[in-house]
Amino acid sequence: MEKELWLWKTYAMVTTLLLVVLVASAFALETQRTKFSEIDVQRINIVEPDGTLRMVISDKSKFPGIIVKGKELPHPDRSTAGMLFFNDEGTENGGLIFGGMKDRNGTVSSYGHLSFDGYEQDQVFTIDAEENGNSKRSGLSVVDDPDWPITDLLTIPHSEWQNFMKTHAPPRQRIYLGRTADDSASLTLKDKDGHSCIIIKVNTDGSPVIQFLDAAGKVISQLPRLNQ
Amino acid sequence: MRLISNQKFLAIYSGVLTIAFAATILTGFGENERKASFDQIDVQRINIVGPDGKNQLVISNRQEIPEAIIDGKTFPSHGRHDGAGMIFYNNEGDEDGGMGFSGRKSANGYEASGDFMFDQYKQDQTIGIEYDDSNGKRRAGFHVWDRPDMDLALMVEHFNSVKNMPAGPQKDAAMKQLQDQAKNGEFGATRFFAGKTPDKDAAVVLCDAKGHPRLRLSVSASGQAKIDFLDETGKVTYSLPQTSR
């Protein structure tokens, strides 16, 4: 009997101590700066003190949709790992994504994309590396975005997007510099409607040229001149 | 009587404690598996991993930064641990880009760099923003590179097999062939540069597939603006503004 009691007492004391240590260390975790040598994690959310999301770093399986003012809407076709940036209002305003694979037929697709968005609009500055089968493109783009809020598009079903775009101005690329899919290297400056006005280019065969074009795409002047 | 109640109390107390203890441990592990909150963390390296545990993104200090990996093979490379940064991985676990930054005093002054790159599939960088500085000899700009369709792992293997050949005419011939191939841009070539050159020009340079500059728009440090058209040997064939002859 005495022995049994002693056992109970010891057990109670040890468990009490363990519980105190656990609770204390849990509180310590919450208030301190926590140190790790290495962390494996699927997703990290960087948040303001009020919980406003400012950045997400994530694998593919936990990658968010489009978040506008803290509300998540599905993205039509984003399946990737990377980072997303959010403005002061918790609305997506840029990101960095990357990936690539070889499909069953041996066709390669690969991409890297860094972009910054306009206020409640799509990307206005991008750096892209893109590979689809034999077609490769690497370049920097500056884009003019329309003035309508992108939420007008995001909150209607995907099947109605095409109709919506018939009555709304699309984004227009203004500057492109890089390598194009036809294996030329070029710097292209465009007007606000997206027409190329100046093309500075080294063609696929290596010949350099500067072209000035009208809105219909006709070359109105070229350097060096054709007989030069 | 007292003994019994005392024992009963202890038994109940122990039972409750055991349950509380188990619950603490279980929920504790549960939280680790799901979601945890911290005000601030100090960490040497963060691995963003898929449900399969494979790296998709690594953020690291310079000591722990992982070596380049393609087809499961690692490539220890020169200068890899000079700076901290981030490394990106594609769906197959190959490195496919990254961001790095460094700066340090060296024996003859200082070295500094910052870069952000995306790689071609199973190859080296194809696009990037780069700053490179060695004692004030600095270059900063935007680059686009052509890369061969050959797997980088196979390319490095080939280089190493030539490097490890016994000295002799056979090795010399193989080395010469590699150099010729490199000159022809077969292992990669700059296609586009926009930025500041070590000569302090602000320039846009477009190159052919072999990496030869063919069109160059530049403003020199003293303010001289010009556009040069070049042939593949580097000779200027046409230039603007045209000088009086």
# chains A, B, ... in the order shown; residues from 1 in each chain; ligands from 1

$ residues_around --residues "Leu177 (chain A)" --least-positions-apart "2" --cutoff "12 Å" --atoms "only C-alpha atoms" --output "ChimeraX atom specification"
/A:125-128,137-142,173-175,179-180,184-190,198-202 /B:127,142-144,191-194,204-206

$ residues_around --residues "Ile46 (chain B)" --least-positions-apart "5" --cutoff "10 Å" --atoms "only C-alpha atoms" --output "list in words"
Phe36, Ser37, Glu38, Ile39, Asp40, Val41 and Ile44 of chain A; Asn55, Leu57, Val58, Ile59, Ser60, Asn61, Glu64, Ile65 and Met86 of chain B

$ select_by_dssp --residues "region 74-225 of chain A" --states "helix (DSSP H, G or I)" --output "ChimeraX atom specification"
/A:151-154,158-166

$ write_last_selection --atoms "N, CA and C atoms" --output "PDB file, in the first residue's frame"
ATOM      1  N   THR A 151     -10.930  43.321 -60.442  1.00  0.00           N
ATOM      2  CA  THR A 151     -11.958  42.563 -59.693  1.00  0.00           C
ATOM      3  C   THR A 151     -13.231  42.408 -60.527  1.00  0.00           C
ATOM      4  N   ASP A 152     -13.513  43.394 -61.440  1.00  0.00           N
ATOM      5  CA  ASP A 152     -14.675  43.276 -62.318  1.00  0.00           C
ATOM      6  C   ASP A 152     -14.591  42.007 -63.157  1.00  0.00           C
ATOM      7  N   LEU A 153     -13.376  41.636 -63.519  1.00  0.00           N
ATOM      8  CA  LEU A 153     -13.159  40.435 -64.329  1.00  0.00           C
ATOM      9  C   LEU A 153     -13.113  39.190 -63.446  1.00  0.00           C
ATOM     10  N   LEU A 154     -12.409  39.314 -62.326  1.00  0.00           N
ATOM     11  CA  LEU A 154     -12.177  38.133 -61.478  1.00  0.00           C
ATOM     12  C   LEU A 154     -13.439  37.609 -60.819  1.00  0.00           C
ATOM     13  N   HIS A 158     -15.287  32.303 -65.340  1.00  0.00           N
ATOM     14  CA  HIS A 158     -14.219  32.274 -66.342  1.00  0.00           C
ATOM     15  C   HIS A 158     -14.786  32.189 -67.761  1.00  0.00           C
ATOM     16  N   SER A 159     -15.930  31.488 -67.904  1.00  0.00           N
ATOM     17  CA  SER A 159     -16.524  31.287 -69.232  1.00  0.00           C
ATOM     18  C   SER A 159     -17.017  32.606 -69.841  1.00  0.00           C
ATOM     19  N   GLU A 160     -17.207  33.649 -68.992  1.00  0.00           N
ATOM     20  CA  GLU A 160     -17.701  34.942 -69.499  1.00  0.00           C
ATOM     21  C   GLU A 160     -16.578  35.941 -69.760  1.00  0.00           C
ATOM     22  N   TRP A 161     -15.342  35.525 -69.504  1.00  0.00           N
ATOM     23  CA  TRP A 161     -14.211  36.456 -69.630  1.00  0.00           C
ATOM     24  C   TRP A 161     -14.058  36.983 -71.048  1.00  0.00           C
ATOM     25  N   GLN A 162     -14.244  36.078 -72.030  1.00  0.00           N
ATOM     26  CA  GLN A 162     -14.047  36.470 -73.417  1.00  0.00           C
ATOM     27  C   GLN A 162     -15.022  37.580 -73.818  1.00  0.00           C
ATOM     28  N   ASN A 163     -16.287  37.429 -73.397  1.00  0.00           N
ATOM     29  CA  ASN A 163     -17.298  38.446 -73.671  1.00  0.00           C
ATOM     30  C   ASN A 163     -16.964  39.760 -72.983  1.00  0.00           C
ATOM     31  N   PHE A 164     -16.544  39.659 -71.727  1.00  0.00           N
ATOM     32  CA  PHE A 164     -16.180  40.839 -70.933  1.00  0.00           C
ATOM     33  C   PHE A 164     -15.101  41.644 -71.650  1.00  0.00           C
ATOM     34  N   MET A 165     -14.102  40.936 -72.188  1.00  0.00           N
ATOM     35  CA  MET A 165     -12.967  41.612 -72.819  1.00  0.00           C
ATOM     36  C   MET A 165     -13.359  42.302 -74.134  1.00  0.00           C
ATOM     37  N   LYS A 166     -14.527  41.925 -74.709  1.00  0.00           N
ATOM     38  CA  LYS A 166     -14.983  42.579 -75.940  1.00  0.00           C
ATOM     39  C   LYS A 166     -15.342  44.040 -75.673  1.00  0.00           C
TER      40      LYS A 166
END

$ closest_residue --among "A:Leu114, A:Gly106, A:Ala129, A:Lys71" --to "Asp124 (chain B)" --atoms "only C-alpha atoms"
A:Ala129

$ closest_residue --among "A:Thr107, A:Ser221, A:Thr204, A:Asn93" --to "chain B" --atoms "only C-alpha atoms"
A:Thr204

$ residues_around --residues "Glu72 (chain A)" --least-positions-apart "4" --cutoff "12 Å" --atoms "only C-alpha atoms" --output "PyMOL selection string"
chain A and resi 53+63-68+90-92+151+154-155

$ write_last_selection --atoms "N, CA and C atoms" --output "mmCIF file, in the first residue's frame"
data_model
loop_
_atom_site.group_PDB
_atom_site.id
_atom_site.type_symbol
_atom_site.label_atom_id
_atom_site.label_comp_id
_atom_site.auth_asym_id
_atom_site.auth_seq_id
_atom_site.Cartn_x
_atom_site.Cartn_y
_atom_site.Cartn_z
ATOM 1 N N LEU A 53 -1.986 40.265 -45.184
ATOM 2 C CA LEU A 53 -0.984 39.460 -45.882
ATOM 3 C C LEU A 53 -0.106 40.358 -46.754
ATOM 4 N N PHE A 63 -0.091 26.917 -53.021
ATOM 5 C CA PHE A 63 -0.009 28.249 -53.625
ATOM 6 C C PHE A 63 -1.397 28.899 -53.674
ATOM 7 N N PRO A 64 -1.515 30.181 -53.247
ATOM 8 C CA PRO A 64 -2.835 30.820 -53.200
ATOM 9 C C PRO A 64 -3.389 31.163 -54.583
ATOM 10 N N GLY A 65 -4.704 31.431 -54.642
ATOM 11 C CA GLY A 65 -5.339 31.981 -55.842
ATOM 12 C C GLY A 65 -5.012 33.462 -55.918
ATOM 13 N N ILE A 66 -5.921 34.268 -56.454
ATOM 14 C CA ILE A 66 -5.690 35.716 -56.486
ATOM 15 C C ILE A 66 -6.346 36.311 -55.245
ATOM 16 N N ILE A 67 -5.557 37.005 -54.424
ATOM 17 C CA ILE A 67 -6.106 37.589 -53.206
ATOM 18 C C ILE A 67 -6.276 39.092 -53.411
ATOM 19 N N VAL A 68 -7.518 39.553 -53.269
ATOM 20 C CA VAL A 68 -7.834 40.979 -53.401
ATOM 21 C C VAL A 68 -8.424 41.434 -52.082
ATOM 22 N N GLY A 90 -3.598 44.379 -48.794
ATOM 23 C CA GLY A 90 -3.699 42.923 -48.879
ATOM 24 C C GLY A 90 -4.145 42.440 -50.248
ATOM 25 N N THR A 91 -3.850 43.234 -51.289
ATOM 26 C CA THR A 91 -4.188 42.855 -52.671
ATOM 27 C C THR A 91 -2.915 42.480 -53.417
ATOM 28 N N GLU A 92 -2.979 41.391 -54.165
ATOM 29 C CA GLU A 92 -1.807 40.934 -54.908
ATOM 30 C C GLU A 92 -1.268 42.066 -55.788
ATOM 31 N N THR A 151 -10.930 43.321 -60.442
ATOM 32 C CA THR A 151 -11.958 42.563 -59.693
ATOM 33 C C THR A 151 -13.231 42.408 -60.527
ATOM 34 N N LEU A 154 -12.409 39.314 -62.326
ATOM 35 C CA LEU A 154 -12.177 38.133 -61.478
ATOM 36 C C LEU A 154 -13.439 37.609 -60.819
ATOM 37 N N THR A 155 -14.448 38.493 -60.635
ATOM 38 C CA THR A 155 -15.638 38.073 -59.901
ATOM 39 C C THR A 155 -16.733 37.508 -60.810
#

$ residues_around --residues "region 218-233 of chain B" --least-positions-apart "4" --cutoff "7 Å" --atoms "only C-alpha atoms" --output "PyMOL selection string"
(chain A and resi 208) or (chain B and resi 200-204+212-214+237-241)

$ residues_around --residues "Trp148 (chain A)" --least-positions-apart "6" --cutoff "12 Å" --atoms "only C-alpha atoms" --output "list of chain:residue names"
A:Gly118, A:Tyr119, A:Glu120, A:Gln121, A:Asp122, A:Leu154, A:Phe164, A:Met165, A:Thr167, A:His168, A:Ala169, A:Pro170, A:Pro171

$ write_last_selection --atoms "C-alpha atoms" --output "short mmCIF file (atom, residue, chain, number, x, y, z; two decimals), in the first residue's frame"
data_model
loop_
_atom_site.label_atom_id
_atom_site.label_comp_id
_atom_site.auth_asym_id
_atom_site.auth_seq_id
_atom_site.Cartn_x
_atom_site.Cartn_y
_atom_site.Cartn_z
CA GLY A 118 -0.71 48.05 -61.30
CA TYR A 119 -3.17 48.96 -58.51
CA GLU A 120 -5.95 46.34 -58.72
CA GLN A 121 -4.75 45.49 -62.21
CA ASP A 122 -2.48 43.05 -63.99
CA LEU A 154 -12.18 38.13 -61.48
CA PHE A 164 -16.18 40.84 -70.93
CA MET A 165 -12.97 41.61 -72.82
CA THR A 167 -16.18 45.70 -74.12
CA HIS A 168 -13.07 46.41 -72.01
CA ALA A 169 -9.65 47.67 -73.13
CA PRO A 170 -6.95 45.00 -72.82
CA PRO A 171 -3.44 45.51 -71.39
#

$ closest_residue --among "A:Leu18, A:Gly178, A:Pro49, A:Leu73" --to "Ala22 (chain B)" --atoms "only C-alpha atoms"
A:Leu18
